[in-house]
$ cat data-v5.txt   # compact mmCIF, C-alpha atoms
# COMPACT_ATOMS: atom_id res chain seq x y z
CA MET A 1 -129.28 57.42 -3.53
CA THR A 2 -128.99 59.75 -6.49
CA ALA A 3 -129.15 63.48 -5.82
CA ILE A 4 -131.20 65.68 -8.16
CA GLY A 5 -132.98 68.96 -7.64
CA LEU A 6 -136.73 69.48 -7.72
CA GLU A 7 -136.49 71.47 -10.94
CA THR A 8 -134.68 68.62 -12.69
CA ALA A 9 -137.11 66.05 -11.34
CA LEU A 10 -140.02 68.11 -12.64
CA GLU A 11 -138.39 68.59 -16.04
CA GLU A 12 -137.75 64.87 -16.35
CA GLY A 13 -141.32 64.06 -15.34
CA ARG A 14 -140.18 62.19 -12.27
CA CYS A 15 -142.65 63.89 -9.99
CA GLY A 16 -145.54 66.30 -9.97
CA GLU A 17 -145.34 69.93 -9.03
CA ARG A 18 -148.10 69.68 -6.43
CA LEU A 19 -147.48 69.30 -2.73
CA TRP A 20 -150.26 67.38 -1.02
CA LEU A 21 -151.28 68.07 2.55
CA TYR A 22 -153.39 65.61 4.53
CA ALA A 23 -155.24 68.10 6.71
CA THR A 24 -156.98 65.44 8.79
CA TYR A 25 -157.93 61.78 8.72
CA HIS A 26 -161.27 62.62 10.37
CA CYS A 27 -164.37 62.34 8.16
CA ASN A 28 -168.12 62.52 8.52
CA LEU A 29 -168.49 59.70 5.99
CA ALA A 30 -167.17 56.15 5.86
CA CYS A 31 -166.77 55.37 2.14
CA ILE A 32 -166.22 51.70 1.48
CA TYR A 33 -163.12 52.33 -0.65
CA CYS A 34 -161.52 54.90 1.63
CA LEU A 35 -157.73 54.80 1.56
CA THR A 36 -157.37 56.02 5.10
CA GLU A 37 -160.19 54.27 6.96
CA SER A 38 -161.51 57.73 7.73
CA HIS A 39 -164.86 57.83 9.52
CA PRO A 40 -166.75 59.89 12.11
CA GLY A 41 -165.50 57.92 15.11
CA ILE A 42 -161.85 57.69 14.16
CA ALA A 43 -159.70 57.69 17.29
CA ASN A 44 -156.55 59.20 15.84
CA ARG A 45 -157.49 62.14 13.63
CA ARG A 46 -153.90 62.99 12.67
CA ALA A 47 -154.75 66.62 11.91
CA LEU A 48 -152.17 69.10 10.71
CA PRO A 49 -152.64 72.42 12.50
CA ARG A 50 -153.43 75.45 10.39
CA GLU A 51 -150.09 77.10 11.22
CA ARG A 52 -148.27 73.97 10.00
CA LEU A 53 -150.29 73.89 6.76
CA VAL A 54 -149.52 77.51 6.05
CA SER A 55 -145.81 77.24 6.88
CA LEU A 56 -145.48 74.13 4.70
CA ALA A 57 -147.17 75.98 1.84
CA ALA A 58 -144.85 78.94 2.17
CA GLU A 59 -141.79 76.71 2.20
CA ALA A 60 -143.15 74.71 -0.73
CA ARG A 61 -143.34 77.88 -2.81
CA GLU A 62 -139.76 78.75 -1.89
CA LEU A 63 -138.59 75.27 -2.86
CA GLY A 64 -140.24 75.40 -6.29
CA PHE A 65 -143.52 73.56 -5.91
CA GLY A 66 -146.19 74.92 -8.22
CA SER A 67 -149.42 74.10 -6.42
CA LEU A 68 -151.01 72.59 -3.36
CA GLY A 69 -153.54 69.84 -2.77
CA VAL A 70 -155.39 69.61 0.51
CA THR A 71 -157.00 66.31 1.31
CA GLY A 72 -158.01 63.97 4.11
CA GLY A 73 -160.37 62.66 5.57
CA GLU A 74 -162.87 65.42 5.00
CA THR A 75 -161.00 68.68 4.90
CA PHE A 76 -163.97 70.65 6.23
CA MET A 77 -164.06 68.62 9.41
CA LEU A 78 -161.44 71.16 10.47
CA PRO A 79 -163.48 74.13 11.66
CA ASP A 80 -161.16 76.79 10.23
CA MET A 81 -160.64 75.19 6.81
CA ALA A 82 -162.33 78.06 4.94
CA GLU A 83 -159.85 80.56 6.36
CA THR A 84 -156.96 78.12 5.94
CA LEU A 85 -157.76 77.75 2.26
CA THR A 86 -157.86 81.51 1.88
CA GLU A 87 -154.33 81.66 3.29
CA LEU A 88 -153.07 78.71 1.25
CA GLY A 89 -154.62 80.09 -1.93
CA SER A 90 -152.76 83.33 -1.47
CA ILE A 91 -149.49 81.37 -1.41
CA LEU A 92 -149.97 78.84 -4.24
CA PRO A 93 -152.79 77.63 -6.48
CA THR A 94 -154.72 75.18 -4.35
CA VAL A 95 -157.20 72.38 -4.81
CA ALA A 96 -159.02 71.10 -1.75
CA LEU A 97 -160.80 67.77 -1.80
CA THR A 98 -164.16 67.65 -0.08
CA ASN A 99 -167.31 65.58 0.03
CA ALA A 100 -169.34 68.83 0.07
CA THR A 101 -171.77 67.57 2.66
CA LEU A 102 -170.98 70.12 5.35
CA PHE A 103 -171.66 73.32 3.44
CA THR A 104 -174.18 75.23 5.51
CA ASP A 105 -175.15 78.75 4.48
CA ARG A 106 -172.80 80.07 7.13
CA LEU A 107 -169.86 78.08 5.81
CA LEU A 108 -170.70 79.03 2.23
CA ALA A 109 -170.54 82.67 3.25
CA ARG A 110 -167.08 82.14 4.76
CA LEU A 111 -165.98 80.41 1.56
CA GLU A 112 -166.85 83.41 -0.62
CA ALA A 113 -163.33 84.75 -0.12
CA LEU A 114 -162.08 81.87 -2.27
CA ALA A 115 -163.83 83.27 -5.34
CA GLY A 116 -161.03 85.72 -5.97
CA LEU A 117 -158.27 83.20 -5.48
CA ASP A 118 -156.83 80.31 -7.48
CA VAL A 119 -158.52 77.79 -5.25
CA ALA A 120 -160.72 74.95 -6.43
CA LEU A 121 -162.90 72.66 -4.38
CA GLN A 122 -162.81 69.13 -5.75
CA VAL A 123 -166.05 67.43 -4.85
CA SER A 124 -166.45 63.68 -4.87
CA LEU A 125 -169.43 62.31 -6.75
CA ASP A 126 -169.53 58.76 -8.01
CA SER A 127 -172.84 58.39 -9.79
CA PRO A 128 -175.73 60.44 -11.19
CA ASP A 129 -178.04 57.96 -9.50
CA PRO A 130 -178.67 59.00 -5.92
CA MET A 131 -179.10 55.50 -4.54
CA ARG A 132 -176.08 54.13 -6.29
CA ASN A 133 -173.92 57.07 -5.29
CA ASP A 134 -175.07 56.82 -1.69
CA THR A 135 -174.30 53.12 -1.54
CA LEU A 136 -170.65 53.96 -2.12
CA ARG A 137 -170.48 57.23 -0.24
CA GLY A 138 -173.12 57.17 2.46
CA PRO A 139 -176.76 58.14 3.06
CA GLU A 140 -178.00 61.42 1.54
CA ASN A 141 -174.62 62.13 0.02
CA PHE A 142 -176.01 62.77 -3.44
CA ALA A 143 -178.68 65.21 -2.24
CA LYS A 144 -176.19 67.22 -0.23
CA VAL A 145 -173.68 67.38 -3.08
CA ALA A 146 -176.37 68.34 -5.58
CA GLU A 147 -177.36 71.19 -3.29
CA ALA A 148 -173.81 72.33 -2.47
CA ILE A 149 -172.26 72.46 -5.94
CA PRO A 150 -174.68 74.99 -7.49
CA ALA A 151 -174.35 77.08 -4.32
CA LEU A 152 -170.55 77.10 -4.68
CA VAL A 153 -170.68 77.86 -8.40
CA GLU A 154 -173.15 80.63 -7.78
CA ARG A 155 -170.65 82.26 -5.42
CA GLY A 156 -167.91 82.14 -8.04
CA ILE A 157 -165.96 79.38 -6.34
CA LYS A 158 -164.22 77.04 -8.74
CA VAL A 159 -165.49 73.46 -8.46
CA ARG A 160 -164.10 70.24 -9.85
CA ILE A 161 -165.80 66.87 -9.72
CA ALA A 162 -163.92 63.68 -8.87
CA THR A 163 -165.45 60.34 -9.65
CA THR A 164 -164.00 57.16 -8.27
CA VAL A 165 -164.75 54.36 -10.68
CA ASP A 166 -165.77 50.98 -9.36
CA ASP A 167 -168.10 49.26 -11.82
CA GLN A 168 -169.92 52.25 -13.32
CA ASP A 169 -170.67 51.72 -16.99
CA GLU A 170 -170.30 54.18 -19.87
CA ASP A 171 -173.94 55.22 -19.77
CA GLU A 172 -173.75 56.00 -16.09
CA LEU A 173 -170.60 58.07 -16.52
CA GLN A 174 -172.15 59.86 -19.48
CA ARG A 175 -175.17 60.83 -17.39
CA LEU A 176 -172.83 62.01 -14.67
CA CYS A 177 -171.08 64.25 -17.20
CA GLU A 178 -174.40 65.68 -18.31
CA LEU A 179 -175.17 66.43 -14.69
CA HIS A 180 -171.92 68.29 -13.96
CA ARG A 181 -172.25 70.23 -17.23
CA SER A 182 -175.70 71.31 -16.11
CA TRP A 183 -174.04 72.76 -13.02
CA GLY A 184 -171.62 74.72 -15.20
CA ILE A 185 -168.66 72.44 -14.60
CA SER A 186 -166.72 71.60 -17.74
CA ASP A 187 -165.36 68.20 -18.71
CA ASP A 188 -161.85 69.51 -18.00
CA ASP A 189 -162.85 69.84 -14.40
CA HIS A 190 -164.15 66.29 -14.09
CA ILE A 191 -161.57 63.80 -12.89
CA VAL A 192 -162.27 60.10 -13.22
CA ARG A 193 -160.00 57.76 -11.32
CA GLY A 194 -159.88 54.11 -10.42
CA ILE A 195 -160.02 52.70 -6.94
CA VAL A 196 -156.56 52.04 -5.67
CA ARG A 197 -156.32 48.78 -3.79
CA ARG A 198 -154.89 50.16 -0.60
CA GLY A 199 -156.39 50.99 2.77
CA ARG A 200 -160.00 49.97 3.25
CA ALA A 201 -160.29 49.15 -0.45
CA ALA A 202 -157.60 46.49 0.03
CA LEU A 203 -159.49 44.97 2.94
CA GLU A 204 -162.66 44.99 0.82
CA GLY A 205 -160.85 43.49 -2.17
CA MET A 206 -161.77 46.49 -4.31
CA GLY A 207 -159.83 48.30 -7.02
CA VAL A 208 -156.53 47.61 -8.68
CA VAL A 209 -153.03 47.28 -7.31
CA PRO A 210 -150.97 50.07 -8.85
CA GLY A 211 -147.62 49.21 -10.36
CA PRO A 212 -144.49 50.99 -9.20
CA THR A 213 -144.71 53.60 -11.95
CA ASP A 214 -148.49 53.86 -12.20
CA ILE A 215 -148.85 56.76 -9.81
CA LEU A 216 -146.90 59.92 -10.35
CA PRO A 217 -144.85 60.75 -7.25
CA GLU A 218 -146.18 63.89 -5.58
CA LEU A 219 -144.80 64.65 -2.18
CA THR A 220 -147.55 64.19 0.38
CA ILE A 221 -147.38 65.45 3.92
CA THR A 222 -149.35 63.90 6.77
CA ALA A 223 -149.14 63.97 10.54
CA ASP A 224 -147.36 60.60 10.25
CA GLY A 225 -144.66 61.85 7.89
CA ALA A 226 -144.01 62.51 4.22
CA PHE A 227 -145.12 59.99 1.61
CA LEU A 228 -144.43 59.30 -2.05
CA HIS A 229 -147.87 60.29 -3.38
CA PRO A 230 -151.36 61.00 -2.08
CA PHE A 231 -152.38 57.34 -2.42
CA ALA A 232 -149.51 56.26 -0.17
CA PRO A 233 -150.40 57.17 3.43
CA THR A 234 -153.09 54.52 3.66
CA VAL A 235 -154.45 52.89 6.78
CA ARG A 236 -155.35 49.29 7.36
CA ASN A 237 -156.89 48.12 10.61
CA GLY A 238 -155.96 51.41 12.22
CA VAL A 239 -152.28 51.25 11.29
CA THR A 240 -150.68 53.55 8.71
CA ASP A 241 -148.86 51.78 5.89
CA VAL A 242 -145.24 52.92 5.67
CA ASP A 243 -144.18 51.08 2.51
CA LEU A 244 -144.30 54.38 0.64
CA LEU A 245 -143.09 56.52 3.50
CA VAL A 246 -140.44 59.00 2.42
CA SER A 247 -139.54 60.72 5.67
CA ARG A 248 -140.86 60.93 9.20
CA GLN A 249 -139.57 64.49 9.43
CA VAL A 250 -141.69 67.00 7.54
CA ALA A 251 -140.40 70.31 8.90
CA PRO A 252 -138.42 71.93 7.55
CA LEU A 253 -139.99 70.71 4.34
CA ALA A 254 -136.59 70.78 2.63
CA VAL A 255 -135.56 67.67 4.58
CA ALA A 256 -138.52 65.67 3.32
CA VAL A 257 -138.00 67.04 -0.20
CA ARG A 258 -134.38 65.89 -0.18
CA ARG A 259 -135.42 62.34 0.76
CA PHE A 260 -138.30 62.43 -1.75
CA LEU A 261 -135.95 63.44 -4.57
CA GLY A 262 -133.52 60.71 -3.58
CA ILE A 263 -136.28 58.15 -4.10
CA VAL A 264 -137.77 59.52 -7.31
CA ALA A 265 -134.31 59.90 -8.86
CA ASP A 266 -133.80 56.15 -8.50
CA GLN A 267 -137.21 55.21 -9.86
CA PRO A 268 -138.09 54.76 -13.52
CA VAL A 269 -140.16 57.56 -14.95
CA GLY A 270 -143.81 56.50 -15.11
CA THR A 271 -146.05 56.50 -18.14
CA ASP A 272 -148.85 58.80 -17.20
CA ALA A 273 -150.43 57.60 -14.14
CA ALA A 274 -151.69 60.99 -13.17
CA ALA A 275 -154.39 60.74 -15.79
CA THR A 276 -155.63 57.54 -14.25
CA PHE A 277 -155.19 58.06 -10.59
CA THR A 278 -155.31 61.76 -9.78
CA MET B 1 -144.43 39.61 20.90
CA ALA B 2 -142.65 42.75 19.73
CA ARG B 3 -144.11 46.08 20.81
CA VAL B 4 -143.39 47.65 17.42
CA ARG B 5 -144.16 46.42 13.95
CA LEU B 6 -141.59 44.10 12.41
CA LEU B 7 -141.88 45.01 8.75
CA GLU B 8 -141.39 42.61 5.88
CA ARG B 9 -139.37 44.03 3.02
CA ASP B 10 -142.37 44.92 0.87
CA ASP B 11 -143.99 46.76 3.77
CA ALA B 12 -140.84 48.69 4.67
CA PRO B 13 -140.22 52.28 3.55
CA LEU B 14 -138.59 52.43 0.13
CA ALA B 15 -135.54 54.23 1.44
CA ALA B 16 -134.86 51.51 4.01
CA ARG B 17 -135.28 48.43 1.85
CA TYR B 18 -131.57 48.27 1.10
CA LEU B 19 -131.16 47.01 4.66
CA TYR B 20 -132.82 43.72 3.70
CA ARG B 21 -130.88 40.84 2.22
CA ASP B 22 -131.37 39.78 -1.39
CA ASP B 23 -133.79 37.06 -0.29
CA GLY B 24 -135.91 39.69 1.46
CA SER B 25 -134.93 38.69 4.97
CA ALA B 26 -133.57 40.89 7.73
CA SER B 27 -133.03 40.58 11.44
CA PRO B 28 -135.96 41.36 13.73
CA LEU B 29 -133.97 44.35 14.98
CA THR B 30 -133.64 45.78 11.47
CA ARG B 31 -137.28 45.00 10.71
CA SER B 32 -138.28 47.12 13.68
CA LEU B 33 -135.85 49.99 13.11
CA VAL B 34 -137.08 50.60 9.56
CA ASN B 35 -140.26 52.09 11.03
CA ALA B 36 -138.10 55.17 11.66
CA PRO B 37 -136.10 55.37 8.44
CA ASP B 38 -134.86 58.94 8.84
CA VAL B 39 -132.41 58.19 11.65
CA LEU B 40 -131.17 55.05 9.91
CA GLU B 41 -129.53 57.21 7.23
CA THR B 42 -126.79 57.93 9.72
CA PHE B 43 -127.33 55.36 12.45
CA MET B 44 -126.74 52.25 10.33
CA PRO B 45 -123.44 53.45 8.82
CA PHE B 46 -122.39 54.54 12.31
CA LEU B 47 -123.29 51.16 13.77
CA ALA B 48 -121.51 49.34 10.96
CA GLN B 49 -118.35 51.35 11.51
CA VAL B 50 -118.36 51.04 15.28
CA TYR B 51 -118.92 47.28 15.16
CA ALA B 52 -116.53 46.54 12.29
CA ALA B 53 -112.93 45.43 12.70
CA SER B 54 -110.68 48.45 12.90
CA SER B 55 -107.43 49.02 14.73
CA ILE B 56 -109.19 46.82 17.28
CA ASP B 57 -109.75 43.21 16.29
CA LEU B 58 -113.28 41.92 15.96
CA ALA B 59 -112.86 39.41 18.77
CA THR B 60 -112.15 42.17 21.29
CA LYS B 61 -115.15 44.16 20.12
CA GLU B 62 -117.43 41.13 20.30
CA LEU B 63 -116.19 40.30 23.78
CA VAL B 64 -117.20 43.80 24.87
CA ILE B 65 -120.58 43.56 23.09
CA VAL B 66 -121.42 40.27 24.77
CA ARG B 67 -120.33 41.54 28.17
CA VAL B 68 -122.42 44.72 27.92
CA SER B 69 -125.40 42.66 26.76
CA GLN B 70 -124.93 40.30 29.69
CA LEU B 71 -124.84 43.22 32.15
CA ASN B 72 -128.07 44.56 30.62
CA ALA B 73 -129.63 41.09 30.42
CA CYS B 74 -130.50 41.65 26.77
CA ARG B 75 -131.77 38.33 25.46
CA TYR B 76 -131.83 39.56 21.88
CA CYS B 77 -128.26 40.82 21.77
CA LEU B 78 -126.87 37.81 23.62
CA ALA B 79 -128.61 35.46 21.19
CA ALA B 80 -127.32 37.49 18.25
CA HIS B 81 -123.74 38.10 19.40
CA ARG B 82 -122.66 34.96 21.22
CA PRO B 83 -122.34 33.09 17.91
CA VAL B 84 -120.73 36.12 16.28
CA ALA B 85 -118.16 36.29 19.08
CA LEU B 86 -117.28 32.64 18.59
CA ASP B 87 -117.00 33.17 14.83
CA ALA B 88 -114.74 36.14 15.47
CA GLY B 89 -112.34 33.91 17.38
CA VAL B 90 -113.32 34.56 20.96
CA PRO B 91 -112.60 31.28 22.84
CA PRO B 92 -115.73 29.60 24.21
CA SER B 93 -114.29 29.85 27.71
CA HIS B 94 -114.03 33.63 27.35
CA VAL B 95 -117.62 33.87 26.14
CA ALA B 96 -118.70 31.74 29.08
CA ALA B 97 -116.82 34.01 31.48
CA VAL B 98 -118.32 37.27 30.24
CA CYS B 99 -121.75 35.62 30.35
CA ASP B 100 -121.18 34.80 34.03
CA GLU B 101 -121.08 31.10 33.32
CA ALA B 102 -117.44 30.86 34.48
CA PRO B 103 -115.27 33.03 36.73
CA LEU B 104 -113.99 36.24 35.14
CA ALA B 105 -110.75 35.59 36.97
CA GLU B 106 -110.03 32.85 34.43
CA LEU B 107 -109.71 35.40 31.63
CA PRO B 108 -106.22 36.44 30.54
CA GLU B 109 -105.04 39.72 32.07
CA ARG B 110 -105.79 41.84 28.96
CA GLU B 111 -109.37 40.64 28.64
CA ARG B 112 -109.89 40.67 32.41
CA THR B 113 -108.77 44.29 32.65
CA LEU B 114 -110.90 45.33 29.66
CA ILE B 115 -113.96 43.66 31.14
CA GLU B 116 -113.30 45.32 34.50
CA TRP B 117 -113.31 48.66 32.71
CA VAL B 118 -116.45 47.73 30.73
CA ASP B 119 -118.29 46.78 33.92
CA HIS B 120 -117.52 50.15 35.45
CA TYR B 121 -118.34 51.97 32.21
CA VAL B 122 -121.79 50.38 31.97
CA LEU B 123 -122.78 50.15 35.62
CA ASP B 124 -121.11 53.17 37.25
CA PRO B 125 -118.89 55.27 34.97
CA ALA B 126 -118.17 57.71 37.79
CA SER B 127 -116.34 54.92 39.59
CA ILE B 128 -113.68 54.69 36.87
CA ASP B 129 -110.47 56.03 38.38
CA ASP B 130 -107.03 56.89 37.03
CA ASP B 131 -105.60 53.60 38.18
CA LEU B 132 -108.11 51.56 36.19
CA VAL B 133 -107.58 53.68 33.09
CA ALA B 134 -103.82 53.32 33.42
CA ARG B 135 -104.16 49.54 33.67
CA VAL B 136 -106.42 49.40 30.59
CA LEU B 137 -104.00 51.58 28.66
CA ASP B 138 -101.33 48.98 29.26
CA HIS B 139 -103.28 46.85 26.76
CA VAL B 140 -104.94 49.29 24.34
CA ARG B 141 -104.14 52.78 23.08
CA ASP B 142 -106.23 55.73 24.18
CA ASP B 143 -107.91 56.00 20.77
CA GLN B 144 -108.80 52.33 20.96
CA LEU B 145 -110.30 52.81 24.40
CA ILE B 146 -112.41 55.63 23.03
CA GLU B 147 -113.61 53.32 20.27
CA LEU B 148 -114.40 50.57 22.78
CA ALA B 149 -116.40 53.11 24.77
CA LEU B 150 -118.46 53.72 21.62
CA VAL B 151 -118.86 49.97 21.13
CA ALA B 152 -120.10 49.63 24.71
CA GLY B 153 -122.31 52.68 24.41
CA VAL B 154 -124.07 51.68 21.21
CA THR B 155 -124.50 48.16 22.55
CA GLN B 156 -126.12 49.59 25.66
CA LEU B 157 -128.45 51.59 23.42
CA LEU B 158 -129.43 48.49 21.46
CA ASN B 159 -129.82 46.42 24.65
CA HIS B 160 -132.31 48.91 26.02
CA TYR B 161 -134.09 49.18 22.69
CA CYS B 162 -134.45 45.42 22.15
CA THR B 163 -135.57 44.81 25.71
CA ALA B 164 -138.00 47.73 25.89
CA PHE B 165 -139.65 46.82 22.58
CA ALA B 166 -139.49 43.06 23.23
CA ILE B 167 -137.76 42.38 19.94
CA PRO B 168 -137.82 38.60 19.49
CA ALA B 169 -134.41 37.00 19.49
CA PRO B 170 -133.10 35.99 16.07
CA ARG B 171 -133.19 32.34 15.18
CA PRO B 172 -129.80 30.61 15.46

$ encode --input "data-v5.txt" --output "structure tokens"
Amino acid sequence: MTAIGLETALEEGRCGERLWLYATYHCNLACIYCLTESHPGIANRRALPRERLVSLAAEARELGFGSLGVTGGETFMLPDMAETLTELGSILPTVALTNATLFTDRLLARLEALAGLDVALQVSLDSPDPMRNDTLRGPENFAKVAEAIPALVERGIKVRIATTVDDQDEDELQRLCELHRSWGISDDDHIVRGIVRRGRAALEGMGVVPGPTDILPELTITADGAFLHPFAPTVRNGVTDVDLLVSRQVAPLAVAVRRFLGIVADQPVGTDAAATFT
Amino acid sequence: MARVRLLERDDAPLAARYLYRDDGSASPLTRSLVNAPDVLETFMPFLAQVYAASSIDLATKELVIVRVSQLNACRYCLAAHRPVALDAGVPPSHVAAVCDEAPLAELPERERTLIEWVDHYVLDPASIDDDLVARVLDHVRDDQLIELALVAGVTQLLNHYCTAFAIPAPRP
């Protein structure tokens, strides 16, 4: 195993500067391409407690990471996520992935503190057509997202849109872009990514199998351990895949980082997978 | 059926794949251990060193391994190490004796004394007295006895592991 530092790995493009945190595998939706088989009735929610999220973020900053990503599951299934994001955002720039279907007026009010921080909420939306979007993401998803995004923007909270591409055509994507522009969200804040054939998508035969250098390594922390990138800690038939496991130990974070760097140092530098898959 | 996942090479953590052979195969024990790759960073080199020939010949170590596995009734380790012991030069009659298939009294004095010490070490270490130690030290040095204690200890660990997790015995 070759030993390099995080700074060198970043300079050489061997990994991304973002540390990903899987806050929970629990979700109120059950998307057919979900990497983690997240759904409302999931038995093992694998949540990271708020104190752990905050301590990992603080250590990440000390170690040289440049930003945080919070994902799941649905991050807002954790009742104190609004306050957690306020804390995380005061440590490092943060993007939190959400389906935006749980934003009641009360929660929106608690989220207002994010407006003054470098925190973005990345909302999933797959189609401008309500029925088509809801087929992929669940009943009434489109209506809830279409209501939540303007409410977030109105409160000065930064919003990004993430679209997972299955078989949407150019026209459909174009109409989706027109929609997010109408909400005041620029094209720079619209991420389009393919379905990765892992987790439930693999069981459904959806998406593409990424090559070894197709996805930029970005250290990803879950309750099951540290993984090579956020598409790694997938679940099939209730069991977490460990093929891209980096370390079972995640605290102190430096231990997982050491093992992560040992792996990325021995891997060829990828092309630019981030553009495709993140 | 094993009570932990036995991972194929492509399903194993990246950092543990070096433990698989070039053809992608590995023992069932290895295929289970890779679920916890962190500890393997140090455990596998430790195991390799403890089990390798050193100032103690391989045959003596294998005799101890088989005896400890017999005492713990570990089907996996007996299936794995009986052939290794024979390959290492342990006479079949000695293997039979430590597997309770022939009287231990038929072993030569050196092996008989070592096995007497091993039996106490595994079953009731508090019963080891100065006389037994003195008799063992007639045949091995004190540093070698320490090493054999590590061989017995790590074998005991693996016996318990393989039995508790029902690791299927390797094919001959």

$ atom_distance --input "data-v5.txt" --atom1 "CA of Ala105 (chain B)" --atom2 "CA of Thr60 (chain B)"
17.1 Å

$ interface_residues --input "data-v5.txt" --of "chain A" --to "chain B" --cutoff "6 Å" --atoms "all atoms listed in the file" --output "PyMOL selection string"
chain A and resi 242-245+247

$ residues_near_point --input "data-v5.txt" --point "(-141.2, 68.3, 3.4)" --cutoff "8 Å" --atoms "only C-alpha atoms" --output "PyMOL selection string"
chain A and resi 56+60+219+221+226+249-257

$ atom_distance --input "data-v5.txt" --atom1 "CA of Pro168 (chain B)" --atom2 "CA of Ala26 (chain B)"
12.7 Å

$ residues_near_point --input "data-v5.txt" --point "(-171.4, 57.2, -16.1)" --cutoff "12 Å" --atoms "only C-alpha atoms" --output "VMD selection string"
chain A and resid 125 to 129 132 to 133 163 to 180 190 192

$ residues_around --input "data-v5.txt" --residues "Arg75 (chain B)" --least-positions-apart "5" --cutoff "9 Å" --atoms "only C-alpha atoms" --output "MDAnalysis selection string"
chainID B and resid 69:70 80 159 162:163 168:169

$ closest_residue --input "data-v5.txt" --among "A:Pro268, A:Glu218, A:Arg248, A:Gly199" --to "Tyr33 (chain A)" --atoms "only C-alpha atoms"
A:Gly199

$ residues_around --input "data-v5.txt" --residues "Asp119 (chain B)" --least-positions-apart "3" --cutoff "12 Å" --atoms "all atoms listed in the file" --output "short mmCIF file (atom, residue, chain, number, x, y, z; two decimals) with C-alpha atoms, in the frame of the given file"
data_model
loop_
_atom_site.label_atom_id
_atom_site.label_comp_id
_atom_site.auth_asym_id
_atom_site.auth_seq_id
_atom_site.Cartn_x
_atom_site.Cartn_y
_atom_site.Cartn_z
CA VAL B 64 -117.20 43.80 24.87
CA ILE B 65 -120.58 43.56 23.09
CA VAL B 66 -121.42 40.27 24.77
CA ARG B 67 -120.33 41.54 28.17
CA VAL B 68 -122.42 44.72 27.92
CA SER B 69 -125.40 42.66 26.76
CA GLN B 70 -124.93 40.30 29.69
CA LEU B 71 -124.84 43.22 32.15
CA ASN B 72 -128.07 44.56 30.62
CA VAL B 98 -118.32 37.27 30.24
CA LEU B 104 -113.99 36.24 35.14
CA ARG B 112 -109.89 40.67 32.41
CA THR B 113 -108.77 44.29 32.65
CA LEU B 114 -110.90 45.33 29.66
CA ILE B 115 -113.96 43.66 31.14
CA GLU B 116 -113.30 45.32 34.50
CA VAL B 122 -121.79 50.38 31.97
CA LEU B 123 -122.78 50.15 35.62
CA ASP B 124 -121.11 53.17 37.25
CA PRO B 125 -118.89 55.27 34.97
CA ALA B 126 -118.17 57.71 37.79
CA SER B 127 -116.34 54.92 39.59
CA ILE B 128 -113.68 54.69 36.87
CA LEU B 132 -108.11 51.56 36.19
CA ALA B 149 -116.40 53.11 24.77
CA ALA B 152 -120.10 49.63 24.71
CA GLY B 153 -122.31 52.68 24.41
CA GLN B 156 -126.12 49.59 25.66
#

$ atom_distance --input "data-v5.txt" --atom1 "CA of Leu97 (chain A)" --atom2 "CA of Val70 (chain A)"
6.2 Å

$ closest_residue --input "data-v5.txt" --among "B:Asp131, B:Pro91, B:Leu63, B:Met1" --to "Tyr51 (chain B)" --atoms "all atoms listed in the file"
B:Leu63

$ residues_around --input "data-v5.txt" --residues "Glu109 (chain B)" --least-positions-apart "6" --cutoff "12 Å" --atoms "all atoms listed in the file" --output "list in words"
His94, Ile115, Glu116, Arg135, Val136, Asp138 and His139 of chain B

$ residues_around --input "data-v5.txt" --residues "Ala97 (chain B)" --least-positions-apart "6" --cutoff "8 Å" --atoms "all atoms listed in the file" --output "list in words"
Pro103, Leu104, Glu106 and Leu107 of chain B

$ closest_residue --input "data-v5.txt" --among "A:Asp188, A:Glu154, A:Asp224, A:Glu204" --to "Ala23 (chain A)" --atoms "only C-alpha atoms"
A:Asp224
